[in-house]
$ cat target24.txt   # compact mmCIF, C-alpha atoms
# COMPACT_ATOMS: atom_id res chain seq x y z
CA MET A 1 46.74 -99.83 -52.54
CA ALA A 2 49.07 -97.33 -51.01
CA VAL A 3 48.75 -96.35 -47.37
CA ASN A 4 48.24 -92.68 -48.24
CA SER A 5 45.44 -93.46 -50.58
CA VAL A 6 43.69 -95.52 -47.92
CA ASN A 7 43.83 -92.62 -45.53
CA GLY A 8 42.67 -90.29 -48.20
CA ASN A 9 39.72 -92.46 -49.03
CA HIS A 10 38.84 -92.84 -45.43
CA LEU A 11 38.78 -89.10 -44.99
CA LEU A 12 36.77 -88.73 -48.14
CA GLU A 13 34.32 -91.28 -46.86
CA LYS A 14 33.98 -89.36 -43.61
CA ILE A 15 33.44 -86.09 -45.41
CA GLY A 16 31.08 -87.85 -47.74
CA ASN A 17 29.11 -89.15 -44.81
CA CYS A 18 28.88 -85.70 -43.33
CA HIS A 19 27.73 -84.28 -46.61
CA SER A 20 25.24 -87.08 -47.04
CA ARG A 21 23.46 -86.21 -43.73
CA ASN A 22 20.39 -84.07 -43.84
CA SER A 23 20.11 -80.57 -42.31
CA LYS A 24 18.29 -81.89 -39.19
CA SER A 25 21.12 -84.23 -38.32
CA LYS A 26 23.55 -81.38 -39.02
CA GLY A 27 21.75 -79.20 -36.48
CA ASN A 28 21.82 -81.97 -33.86
CA ALA A 29 25.54 -82.45 -34.35
CA TYR A 30 26.10 -78.71 -33.92
CA GLU A 31 24.03 -78.67 -30.72
CA ASN A 32 25.91 -81.69 -29.39
CA PHE A 33 29.20 -80.07 -30.28
CA MET A 34 28.26 -76.80 -28.54
CA GLY A 35 26.91 -78.69 -25.55
CA ASN A 36 30.23 -80.55 -25.25
CA LEU A 37 32.12 -77.29 -25.47
CA LYS A 38 29.97 -75.76 -22.71
CA GLU A 39 30.44 -78.82 -20.52
CA LYS A 40 34.17 -78.67 -21.02
CA ALA A 41 34.22 -74.96 -20.22
CA GLN A 42 32.19 -75.59 -17.07
CA GLU A 43 34.48 -78.42 -16.04
CA LYS A 44 37.46 -76.16 -16.61
CA GLU A 45 35.92 -73.39 -14.52
CA ALA A 46 35.11 -75.84 -11.75
CA GLN A 47 38.69 -77.15 -11.83
CA GLN A 48 40.04 -73.60 -11.68
CA ALA A 49 37.78 -72.81 -8.74
CA ILE A 50 39.01 -75.94 -6.94
CA GLN A 51 42.63 -75.01 -7.68
CA GLN A 52 42.03 -71.46 -6.45
CA SER A 53 40.36 -72.61 -3.25
CA THR A 54 43.22 -75.06 -2.71
CA ALA A 55 45.74 -72.27 -3.19
CA GLU A 56 43.80 -70.09 -0.75
CA SER A 57 43.66 -72.84 1.78
CA ILE A 58 47.41 -73.36 1.35
CA ASN A 59 47.95 -69.66 1.98
CA ALA A 60 45.71 -69.88 4.95
CA LEU A 61 47.61 -72.87 6.19
CA GLN A 62 50.88 -71.01 5.76
CA LEU A 63 49.46 -68.12 7.74
CA ASP A 64 48.16 -70.60 10.25
CA TYR A 65 51.72 -71.85 10.62
CA ARG A 66 52.84 -68.32 11.52
CA SER A 67 49.88 -67.11 13.54
CA GLY A 68 46.99 -69.37 14.27
CA LYS A 69 44.16 -66.91 14.67
CA LEU A 70 44.80 -64.92 11.52
CA ALA A 71 44.36 -67.99 9.31
CA SER A 72 40.97 -68.86 10.68
CA GLU A 73 39.81 -65.26 10.18
CA LEU A 74 40.97 -65.31 6.55
CA LEU A 75 39.33 -68.64 5.79
CA LEU A 76 36.05 -67.47 7.23
CA GLN A 77 36.27 -64.33 5.16
CA LYS A 78 36.97 -66.25 1.93
CA SER A 79 34.08 -68.58 2.52
CA GLY A 80 31.82 -65.56 2.90
CA ARG A 81 30.14 -66.91 6.01
CA VAL A 82 31.55 -64.32 8.38
CA GLU A 83 32.82 -60.86 7.52
CA MET A 84 36.46 -60.25 8.31
CA HIS A 85 37.30 -58.18 11.37
CA ALA A 86 40.05 -55.57 11.42
CA TYR A 87 41.55 -57.21 14.47
CA ILE A 88 43.33 -60.38 15.42
CA GLU A 89 43.66 -62.03 18.77
CA THR A 90 47.10 -61.77 20.33
CA ALA A 91 48.98 -62.57 23.54
CA VAL A 92 47.86 -60.70 26.67
CA ARG A 93 50.44 -58.19 27.97
CA HIS A 94 48.55 -57.26 31.18
CA ILE A 95 48.93 -53.49 30.87
CA SER A 96 47.78 -51.21 33.69
CA TYR A 97 45.35 -48.30 33.40
CA ALA A 98 48.29 -45.89 33.69
CA GLU A 99 50.01 -47.51 30.68
CA SER A 100 46.84 -47.33 28.58
CA ASP A 101 45.95 -44.52 26.21
CA LYS A 102 42.26 -45.07 26.84
CA VAL A 103 40.28 -47.05 29.34
CA LYS A 104 36.63 -47.98 29.01
CA VAL A 105 34.83 -49.45 31.98
CA CYS A 106 31.75 -51.43 30.98
CA THR A 107 30.46 -52.36 34.42
CA VAL A 108 27.00 -53.36 33.27
CA GLU A 109 28.35 -55.53 30.44
CA GLY A 110 30.93 -57.10 32.75
CA TYR A 111 34.27 -56.18 31.21
CA THR A 112 36.90 -53.46 30.93
CA LEU A 113 38.78 -52.43 27.81
CA LYS A 114 42.27 -50.94 27.80
CA ALA A 115 43.79 -49.52 24.63
CA GLN A 116 47.42 -48.79 23.85
CA VAL A 117 48.21 -47.10 20.54
CA ASP A 118 51.30 -47.86 18.47
CA ALA A 119 51.27 -45.03 15.93
CA ASP A 120 54.35 -46.27 14.06
CA GLU A 121 52.87 -49.71 13.46
CA HIS A 122 49.34 -48.39 12.84
CA MET A 123 48.12 -50.76 15.47
CA VAL A 124 45.98 -50.45 18.57
CA TYR A 125 46.45 -53.05 21.27
CA ILE A 126 43.20 -53.74 23.09
CA GLU A 127 43.05 -55.74 26.29
CA GLN A 128 39.73 -57.02 27.56
CA LYS A 129 39.39 -58.06 31.20
CA ASN A 130 36.28 -60.09 31.87
CA GLU A 131 34.23 -60.51 35.00
CA ASP A 132 35.26 -64.16 35.36
CA GLY A 133 38.93 -63.13 35.56
CA THR A 134 39.86 -64.10 32.00
CA CYS A 135 41.68 -61.70 29.69
CA GLN A 136 41.75 -61.40 25.92
CA ALA A 137 43.95 -59.18 23.81
CA TYR A 138 43.52 -57.97 20.26
CA GLU A 139 45.63 -56.08 17.79
CA VAL A 140 43.45 -53.78 15.73
CA ASN A 141 44.34 -51.86 12.59
CA PRO A 142 42.33 -48.63 13.00
CA LEU A 143 42.65 -47.72 9.33
CA LYS A 144 40.64 -50.80 8.36
CA ILE A 145 37.74 -49.98 10.62
CA SER A 146 34.54 -48.43 9.37
CA GLU A 147 33.47 -45.36 11.33
CA ASN A 148 29.99 -46.83 11.75
CA THR A 149 31.23 -50.02 13.35
CA LYS A 150 29.19 -51.38 16.23
CA ASN A 151 31.86 -53.79 17.43
CA PRO A 152 32.95 -52.53 20.89
CA ILE A 153 36.60 -53.49 20.31
CA GLU A 154 36.71 -51.66 16.98
CA GLN A 155 34.94 -48.65 18.50
CA MET A 156 37.47 -48.60 21.31
CA ALA A 157 40.37 -48.82 18.86
CA LEU A 158 38.96 -45.91 16.84
CA GLU A 159 38.48 -43.75 19.93
CA ALA A 160 42.01 -44.51 21.20
CA TRP A 161 43.44 -43.83 17.74
CA ASP A 162 41.69 -40.45 17.60
CA ILE A 163 43.06 -39.52 21.03
CA ALA A 164 46.58 -40.55 19.99
CA LYS A 165 46.23 -38.53 16.79
CA ASP A 166 45.24 -35.45 18.76
CA LEU A 167 48.18 -35.87 21.11
CA HIS A 168 50.67 -36.57 18.36
CA ASN A 169 52.21 -33.41 16.92
CA ASP A 170 49.68 -31.29 18.73
CA GLY A 171 46.86 -32.57 16.58
CA MET A 172 48.63 -32.10 13.25
CA PHE A 173 49.13 -35.81 12.64
CA THR A 174 47.00 -37.46 9.98
CA GLU A 175 47.02 -40.86 8.36
CA MET A 176 48.11 -39.11 5.17
CA ASP A 177 51.42 -38.30 6.84
CA GLU A 178 52.38 -41.92 6.35
CA THR A 179 52.16 -41.49 2.58
CA LYS A 180 54.23 -38.31 2.50
CA PRO A 181 57.39 -39.96 1.15
CA ALA A 182 55.41 -41.16 -1.88
CA ASP A 183 54.04 -37.67 -2.47
CA ALA A 184 57.41 -36.04 -1.92
CA SER A 185 58.38 -36.37 -5.61
CA THR A 186 55.26 -34.53 -6.80
CA GLU A 187 55.78 -31.95 -4.08
CA LYS A 188 59.37 -31.47 -5.28
CA ALA A 189 58.23 -31.24 -8.90
CA VAL A 190 55.73 -28.53 -7.99
CA THR A 191 58.40 -26.68 -6.03
CA PHE A 192 60.86 -26.97 -8.87
CA SER A 193 58.40 -25.61 -11.43
CA GLU A 194 57.54 -22.81 -9.04
CA MET A 195 61.23 -22.04 -8.65
CA VAL A 196 61.71 -21.95 -12.42
CA ASP A 197 58.79 -19.52 -12.73
CA LYS A 198 60.27 -17.35 -9.99
CA PHE A 199 63.66 -17.39 -11.68
CA GLU A 200 62.05 -16.37 -14.97
CA GLU A 201 60.33 -13.46 -13.23
CA PHE A 202 63.63 -12.51 -11.63
CA VAL A 203 65.45 -12.52 -14.97
CA GLU A 204 62.77 -10.37 -16.61
CA LYS A 205 62.85 -7.89 -13.74
CA ARG A 206 66.64 -7.82 -13.79
CA MET A 207 66.72 -7.12 -17.49
CA GLU A 208 64.24 -4.29 -17.09
CA GLU A 209 65.61 -2.70 -13.92
CA GLY A 210 69.23 -3.69 -14.10
CA PRO A 211 71.24 -5.03 -11.17
CA PRO A 212 69.79 -4.74 -7.67
CA LYS A 213 70.53 -1.55 -5.79
CA ILE A 214 71.51 -1.37 -2.15
CA GLN A 215 70.58 1.63 -0.10
CA ILE A 216 73.63 3.21 1.57
CA GLY A 217 72.89 6.35 3.47
CA GLY A 218 70.69 8.62 1.40
CA SER A 219 71.46 7.08 -1.96
CA GLU A 220 71.26 3.72 -3.69
CA PHE A 221 74.15 1.95 -5.38
CA THR A 222 74.47 -1.16 -7.42
CA GLU A 223 77.48 -3.34 -6.65
CA ASP A 224 79.31 -2.07 -9.75
CA GLU A 225 78.54 1.56 -8.94
CA TRP A 226 79.79 1.02 -5.43
CA GLU A 227 83.00 -0.56 -6.69
CA ARG A 228 83.57 2.35 -9.10
CA LEU A 229 82.88 4.87 -6.35
CA LEU A 230 85.40 3.19 -4.05
CA LYS A 231 88.02 3.08 -6.82
CA ARG A 232 87.47 6.79 -7.52
CA ILE A 233 87.80 7.61 -3.83
CA ASP A 234 91.01 5.54 -3.61
CA LYS A 235 92.34 7.37 -6.66
CA ASP A 236 91.48 10.78 -5.17
CA ILE A 237 93.11 9.81 -1.86
CA ASP A 238 96.24 8.71 -3.71
CA ALA A 239 96.29 11.98 -5.69
CA TYR A 240 95.83 14.00 -2.51
CA LYS A 241 98.64 12.09 -0.81
CA GLU A 242 100.89 12.69 -3.82
CA GLU A 243 100.05 16.40 -3.76
CA LEU A 244 100.83 16.53 -0.04
CA ARG A 245 104.18 14.84 -0.62
CA GLU A 246 104.91 17.31 -3.43
CA ARG A 247 104.07 20.26 -1.18
CA VAL A 248 106.26 18.89 1.60
CA ARG A 249 109.12 18.36 -0.86
CA ARG A 250 108.80 21.95 -2.22
CA GLN A 251 108.73 23.34 1.29
CA GLN A 252 111.85 21.42 2.20
CA GLU A 253 113.61 22.70 -0.96
CA LYS A 254 112.65 26.25 -0.12
CA GLU A 255 113.91 25.89 3.43
CA ALA A 256 117.14 24.35 2.20
CA LEU A 257 117.62 27.23 -0.27
CA LYS A 258 117.01 29.77 2.45
CA LYS A 259 119.51 28.04 4.68
CA ARG A 260 122.07 27.95 1.93
CA GLN A 261 121.60 31.70 1.17
CA SER A 262 121.90 32.74 4.83
CA GLY A 263 125.08 30.61 5.15
CA ALA A 264 126.80 32.39 2.23
CA ILE A 265 126.15 35.86 3.75
CA GLU A 266 127.62 34.77 7.06
CA GLU A 267 130.77 33.52 5.29
CA GLU A 268 131.19 36.87 3.47
CA GLU A 269 130.85 38.72 6.75
CA GLU A 270 133.61 36.53 8.24
CA ILE A 271 136.00 37.21 5.30
CA ILE A 272 135.76 41.05 5.48
CA PRO A 273 138.68 42.31 7.82
CA LEU A 274 137.90 44.65 10.60
CA PRO A 275 139.39 48.25 10.17
CA VAL A 276 142.47 48.99 12.50
CA MET B 277 63.91 -47.01 58.21
CA MET B 278 60.18 -46.88 57.64
CA ALA B 279 60.24 -43.11 58.12
CA ASN B 280 62.70 -42.83 55.23
CA CYS B 281 60.35 -44.79 53.02
CA LEU B 282 57.29 -42.81 54.09
CA GLU B 283 57.50 -40.45 51.14
CA ARG B 284 57.59 -43.38 48.72
CA TYR B 285 54.61 -44.99 50.44
CA PHE B 286 52.76 -41.70 50.42
CA GLN B 287 53.32 -41.19 46.70
CA LYS B 288 52.45 -44.77 45.84
CA TYR B 289 49.48 -45.50 48.06
CA TYR B 290 47.93 -42.35 49.48
CA ALA B 291 45.64 -41.75 46.49
CA LYS B 292 44.71 -45.42 46.26
CA CYS B 293 43.89 -45.61 49.96
CA TYR B 294 41.93 -42.37 49.72
CA ARG B 295 39.83 -43.68 46.82
CA ALA B 296 39.27 -47.05 48.47
CA ALA B 297 38.13 -45.30 51.65
CA PHE B 298 35.99 -42.83 49.71
CA ALA B 299 34.19 -45.71 48.02
CA LEU B 300 33.00 -46.75 51.48
CA VAL B 301 32.62 -43.58 53.52
CA LYS B 302 31.63 -41.37 50.56
CA ASN B 303 33.02 -38.13 51.85
CA ARG B 304 36.34 -36.39 51.40
CA ALA B 305 37.12 -35.54 55.01
CA ASP B 306 36.70 -39.09 56.31
CA ALA B 307 38.53 -40.56 53.31
CA GLU B 308 41.49 -38.24 53.91
CA ASP B 309 41.56 -39.13 57.61
CA ILE B 310 41.58 -42.81 56.77
CA ALA B 311 44.34 -42.48 54.16
CA GLN B 312 46.49 -40.63 56.72
CA GLU B 313 45.67 -43.17 59.41
CA VAL B 314 46.90 -45.95 57.11
CA LEU B 315 50.30 -44.24 56.84
CA VAL B 316 50.39 -43.67 60.61
CA ARG B 317 49.73 -47.36 61.20
CA LEU B 318 52.46 -48.21 58.73
CA LEU B 319 54.92 -46.15 60.80
CA VAL B 320 53.69 -47.52 64.11
CA TYR B 321 53.57 -51.23 63.27
CA GLU B 322 56.38 -51.32 60.64
CA PRO B 323 55.07 -54.46 58.98
CA GLU B 324 57.43 -56.57 56.86
CA PHE B 325 56.18 -57.22 53.37
CA ALA B 326 57.05 -60.34 51.44
CA SER B 327 56.31 -58.77 48.07
CA GLU B 328 54.93 -55.65 46.44
CA GLU B 329 51.56 -57.35 46.08
CA HIS B 330 51.56 -58.08 49.79
CA GLU B 331 52.43 -54.45 50.49
CA LYS B 332 49.62 -53.16 48.27
CA ALA B 333 47.12 -55.59 49.74
CA TRP B 334 48.08 -54.56 53.31
CA MET B 335 47.67 -50.86 52.56
CA LEU B 336 44.29 -51.23 50.90
CA ARG B 337 43.02 -53.76 53.42
CA THR B 338 43.93 -51.40 56.25
CA ALA B 339 42.15 -48.53 54.49
CA ILE B 340 39.03 -50.63 53.88
CA ASN B 341 39.02 -51.94 57.46
CA LEU B 342 39.40 -48.44 58.87
CA ALA B 343 36.53 -47.26 56.69
CA LYS B 344 34.39 -50.16 57.86
CA ASP B 345 35.23 -49.35 61.49
CA LEU B 346 34.21 -45.76 60.92
CA LEU B 347 30.94 -46.79 59.36
CA LYS B 348 30.24 -49.11 62.30
CA SER B 349 30.89 -46.42 64.90
CA LYS B 350 27.89 -44.96 66.70
CA TRP B 351 29.00 -41.42 65.96
CA HIS B 352 29.01 -42.03 62.23
CA ASN B 353 25.70 -43.90 62.29
CA ALA B 354 24.12 -41.01 64.10
CA LEU B 355 25.32 -38.53 61.51
CA VAL B 356 25.31 -40.32 58.16
CA ALA B 357 22.65 -42.85 57.45
CA ILE B 358 22.33 -42.58 53.73
CA GLU B 359 23.93 -44.76 51.07
CA THR B 360 23.90 -42.17 48.32
CA VAL B 361 26.90 -40.03 47.46
CA ASP B 362 26.40 -36.36 48.15
CA GLU B 363 26.59 -34.17 45.03
CA ALA B 364 29.13 -31.88 46.69
CA GLU B 365 31.37 -34.84 47.50
CA LYS B 366 31.34 -36.28 43.96
CA SER B 367 34.01 -33.87 42.77
CA TYR B 368 36.41 -35.20 45.41
CA LEU B 369 36.62 -38.64 43.84
CA GLN B 370 38.60 -38.52 40.65
CA ILE B 371 39.88 -41.82 39.36
CA PRO B 372 42.93 -41.40 37.13
CA ASP B 373 42.76 -42.76 33.55
CA VAL B 374 39.08 -43.70 33.88
CA GLU B 375 36.14 -41.71 32.58
CA THR B 376 33.61 -41.60 35.38
CA ASP B 377 29.89 -41.44 34.81
CA ASP B 378 26.70 -42.12 36.74
CA THR B 379 27.51 -45.82 36.80
CA LEU B 380 30.35 -45.15 39.26
CA TRP B 381 27.98 -43.47 41.72
CA MET B 382 25.53 -46.32 41.27
CA VAL B 383 28.34 -48.77 42.06
CA LEU B 384 29.13 -46.83 45.24
CA GLU B 385 25.50 -47.08 46.28
CA LEU B 386 25.49 -50.88 46.08
CA PRO B 387 25.60 -53.04 49.21
CA GLU B 388 29.08 -53.22 50.67
CA ARG B 389 29.97 -56.77 49.62
CA PHE B 390 29.23 -55.94 45.97
CA ARG B 391 30.52 -52.40 46.07
CA ASN B 392 34.07 -53.25 47.12
CA CYS B 393 34.46 -56.01 44.56
CA LEU B 394 33.01 -53.98 41.67
CA TYR B 395 34.91 -50.81 42.55
CA LEU B 396 38.27 -52.52 42.92
CA PHE B 397 37.79 -54.69 39.81
CA TYR B 398 36.48 -52.10 37.36
CA TYR B 399 37.78 -48.78 38.60
CA GLU B 400 41.08 -49.69 40.27
CA ASP B 401 41.95 -52.47 37.79
CA TYR B 402 42.73 -55.14 40.36
CA SER B 403 42.60 -58.79 39.42
CA ILE B 404 40.27 -61.20 41.16
CA ARG B 405 43.19 -62.71 43.08
CA GLU B 406 44.35 -59.26 44.28
CA ILE B 407 40.80 -58.38 45.39
CA ALA B 408 40.59 -61.70 47.23
CA ASP B 409 43.85 -60.81 49.03
CA ILE B 410 42.69 -57.29 49.90
CA LEU B 411 39.24 -58.33 51.13
CA GLU B 412 40.53 -61.58 52.65
CA GLU B 413 37.90 -63.61 50.87
CA PRO B 414 38.10 -66.65 48.57
CA GLU B 415 38.46 -65.93 44.85
CA ASN B 416 35.18 -67.67 44.07
CA THR B 417 33.35 -65.41 46.51
CA VAL B 418 34.81 -62.39 44.74
CA LYS B 419 33.73 -63.79 41.37
CA SER B 420 30.17 -64.44 42.53
CA ASN B 421 30.01 -61.02 44.21
CA LEU B 422 31.11 -59.43 40.95
CA LYS B 423 28.42 -61.27 39.01
CA ARG B 424 25.63 -60.63 41.51
CA GLY B 425 26.71 -57.04 42.03
CA ARG B 426 26.59 -56.45 38.29
CA GLU B 427 23.10 -57.92 38.11
CA VAL B 428 21.91 -55.68 40.94
CA LEU B 429 23.54 -52.68 39.27
CA LYS B 430 21.91 -53.51 35.94
CA ARG B 431 18.51 -53.83 37.59
CA ARG B 432 18.90 -50.52 39.42
CA LEU B 433 19.99 -48.72 36.26
CA GLN B 434 16.98 -50.09 34.39
CA GLU B 435 14.67 -49.01 37.21
CA ARG B 436 16.16 -45.54 37.18
CA ARG B 437 15.64 -45.20 33.44
$ encode --input "target24.txt" --output "structure tokens"
Amino acid sequence: MAVNSVNGNHLLEKIGNCHSRNSKSKGNAYENFMGNLKEKAQEKEAQQAIQQSTAESINALQLDYRSGKLASELLLQKSGRVEMHAYIETAVRHISYAESDKVKVCTVEGYTLKAQVDADEHMVYIEQKNEDGTCQAYEVNPLKISENTKNPIEQMALEAWDIAKDLHNDGMFTEMDETKPADASTEKAVTFSEMVDKFEEFVEKRMEEGPPKIQIGGSEFTEDEWERLLKRIDKDIDAYKEELRERVRRQQEKEALKKRQSGAIEEEEEIIPLPV
Amino acid sequence: MMANCLERYFQKYYAKCYRAAFALVKNRADAEDIAQEVLVRLLVYEPEFASEEHEKAWMLRTAINLAKDLLKSKWHNALVAIETVDEAEKSYLQIPDVETDDTLWMVLELPERFRNCLYLFYYEDYSIREIADILEEPENTVKSNLKRGREVLKRRLQERR
């Protein structure tokens, strides 16, 4: 018997067996098969979840390597046990009241809060001085804070940020100013389309009314009319000058003729001998 | 030499000495007298300061001691026997960079040992070590005065409400 035929028979036997089963056994096999598929899918999901959490923890560890406190905040947030704050703990700079943008004295609670706003970095530095002499400092991103926050540090950051906003550009500063470069293209596009519309209007008006006229004295002239007027005036002045020259020349000829005539008479008078 | 530096001392410490004195004597006229007296004593005694902290501590300690002396005097006791701050005098105490409210006036009405510590810590932003230097008391005493003073203040505020 050939090897191929053995395989073929084997397969046929398998198929035959399947066909030989009753419908009940068929249904069981289907349920088993689907159950296995579900189990595998669940296992896969579980594996993916583990991989994801591992990746997150790696990220957190990497962040931990850079800045310790941030990592712990992120991990707590991912685990869902504690909601993430908009601030992180940082090194204390020991700023004075004069250097602060806002100072809050909480005598009854036993601490003072000093806030220093860094508008460029979108960050508010908050320093907390406690009754026992200890100090803590936080860097807060005011744009991540909810307006209804009840956290005193977040409230302080929001208040300081509002004050800084009012002071900056005489109250014209908004958070949206930061996104202006991104909106600049649309702003340019709008301006360009507006300019095209204006140019179209200008062309239509120009075609209807002709070139723009400039008021000079009591009358209006277009540039061409003005040029023509000047040329005509120049021409008239030249003609007048030519006429003047002609007049002068005629006058000189006349005078010369007169002189010549009077000279001839005098000569005749000299030639005639006096009677003896 | 000290006379040449007087303007610098005046600019740097006059307001601080005035406020520290006001916290004790609670009226403008006496606080101004004390702040001026501090500068006079600086000219007369010409003390040598080891550091800026030492200088600041000397100025404020002198102001506080002068205020205490005034409060102890028979003349003052005969005239002013109340702990509360007069409404008319409240406008003469303006602390820069700090928003003042009723709590400040409650602090100024506390017993002296609590009042100085709380005022200097919360409203003048001095550290516990600096307050200990100014008041010539151990740091732990300042800490306990701060805690007890705050408790008294809290109780008084609750009673008032």
$ closest_residue --input "target24.txt" --among "A:Glu39, A:Glu147, A:Asp132, A:Glu269" --to "chain B" --atoms "all atoms listed in the file"
A:Asp132
$ closest_residue --input "target24.txt" --among "A:Glu268, A:Asp197, A:Glu109, A:Asp236" --to "Leu429 of chain B" --atoms "only C-alpha atoms"
A:Glu109
$ interface_residues --input "target24.txt" --of "chain B" --to "chain A" --cutoff "9 Å" --atoms "all atoms listed in the file" --output "list in words"
Pro372, Asp373, Val374, Glu375, Thr376, Thr379, Leu380, Val383, Leu394, Phe397, Tyr398, Tyr399, Glu400, Asp401, Ser403, Ile404, Arg405, Lys419, Ser420, Leu422, Lys423, Arg426, Glu427, Leu429, Lys430 and Leu433 of chain B
$ write_last_selection --input "target24.txt" --atoms "C-alpha atoms" --output "PDB file, in the coordinates of the input"
ATOM      1  CA  PRO B 372      42.930 -41.400  37.130  1.00  0.00           C
ATOM      2  CA  ASP B 373      42.760 -42.760  33.550  1.00  0.00           C
ATOM      3  CA  VAL B 374      39.080 -43.700  33.880  1.00  0.00           C
ATOM      4  CA  GLU B 375      36.140 -41.710  32.580  1.00  0.00           C
ATOM      5  CA  THR B 376      33.610 -41.600  35.380  1.00  0.00           C
ATOM      6  CA  THR B 379      27.510 -45.820  36.800  1.00  0.00           C
ATOM      7  CA  LEU B 380      30.350 -45.150  39.260  1.00  0.00           C
ATOM      8  CA  VAL B 383      28.340 -48.770  42.060  1.00  0.00           C
ATOM      9  CA  LEU B 394      33.010 -53.980  41.670  1.00  0.00           C
ATOM     10  CA  PHE B 397      37.790 -54.690  39.810  1.00  0.00           C
ATOM     11  CA  TYR B 398      36.480 -52.100  37.360  1.00  0.00           C
ATOM     12  CA  TYR B 399      37.780 -48.780  38.600  1.00  0.00           C
ATOM     13  CA  GLU B 400      41.080 -49.690  40.270  1.00  0.00           C
ATOM     14  CA  ASP B 401      41.950 -52.470  37.790  1.00  0.00           C
ATOM     15  CA  SER B 403      42.600 -58.790  39.420  1.00  0.00           C
ATOM     16  CA  ILE B 404      40.270 -61.200  41.160  1.00  0.00           C
ATOM     17  CA  ARG B 405      43.190 -62.710  43.080  1.00  0.00           C
ATOM     18  CA  LYS B 419      33.730 -63.790  41.370  1.00  0.00           C
ATOM     19  CA  SER B 420      30.170 -64.440  42.530  1.00  0.00           C
ATOM     20  CA  LEU B 422      31.110 -59.430  40.950  1.00  0.00           C
ATOM     21  CA  LYS B 423      28.420 -61.270  39.010  1.00  0.00           C
ATOM     22  CA  ARG B 426      26.590 -56.450  38.290  1.00  0.00           C
ATOM     23  CA  GLU B 427      23.100 -57.920  38.110  1.00  0.00           C
ATOM     24  CA  LEU B 429      23.540 -52.680  39.270  1.00  0.00           C
ATOM     25  CA  LYS B 430      21.910 -53.510  35.940  1.00  0.00           C
ATOM     26  CA  LEU B 433      19.990 -48.720  36.260  1.00  0.00           C
TER      27      LEU B 433
END
$ atom_distance --input "target24.txt" --atom1 "atom CA of Lys231 of chain A" --atom2 "atom CA of Ser219 of chain A"
17.7 Å
$ decode --input "target24.txt" --residues "segment 296-305 of chain B" --atoms "N, CA, C and O atoms" --output "CSV table (one decimal), in the first residue's frame"
chain,number,residue,atom,x,y,z
B,296,ALA,N,5.6,95.1,63.0
B,296,ALA,CA,5.9,94.3,64.2
B,296,ALA,C,5.4,95.1,65.4
B,296,ALA,O,4.8,94.4,66.3
B,297,ALA,N,5.7,96.3,65.5
B,297,ALA,CA,5.3,97.1,66.6
B,297,ALA,C,3.8,97.3,66.7
B,297,ALA,O,3.2,97.2,67.7
B,298,PHE,N,3.2,97.5,65.5
B,298,PHE,CA,1.7,97.7,65.4
B,298,PHE,C,1.0,96.4,66.0
B,298,PHE,O,0.0,96.5,66.6
B,299,ALA,N,1.6,95.2,65.6
B,299,ALA,CA,1.0,94.0,66.1
B,299,ALA,C,0.9,93.9,67.6
B,299,ALA,O,0.0,93.3,68.1
B,300,LEU,N,1.8,94.7,68.3
B,300,LEU,CA,1.7,94.7,69.7
B,300,LEU,C,1.0,95.9,70.3
B,300,LEU,O,0.1,95.7,71.2
B,301,VAL,N,1.3,97.0,69.8
B,301,VAL,CA,0.7,98.2,70.4
B,301,VAL,C,-0.7,98.6,69.8
B,301,VAL,O,-1.4,99.3,70.4
B,302,LYS,N,-0.9,98.1,68.6
B,302,LYS,CA,-2.2,98.3,67.9
B,302,LYS,C,-2.6,99.7,67.7
B,302,LYS,O,-3.8,100.0,67.7
B,303,ASN,N,-1.7,100.6,67.6
B,303,ASN,CA,-2.1,101.9,67.1
B,303,ASN,C,-0.9,102.5,66.3
B,303,ASN,O,0.2,102.3,66.6
B,304,ARG,N,-1.3,103.4,65.3
B,304,ARG,CA,-0.4,103.9,64.4
B,304,ARG,C,0.7,104.8,65.0
B,304,ARG,O,1.9,104.6,64.8
B,305,ALA,N,0.2,105.7,65.9
B,305,ALA,CA,1.2,106.7,66.4
B,305,ALA,C,2.3,106.0,67.2
B,305,ALA,O,3.5,106.3,67.0
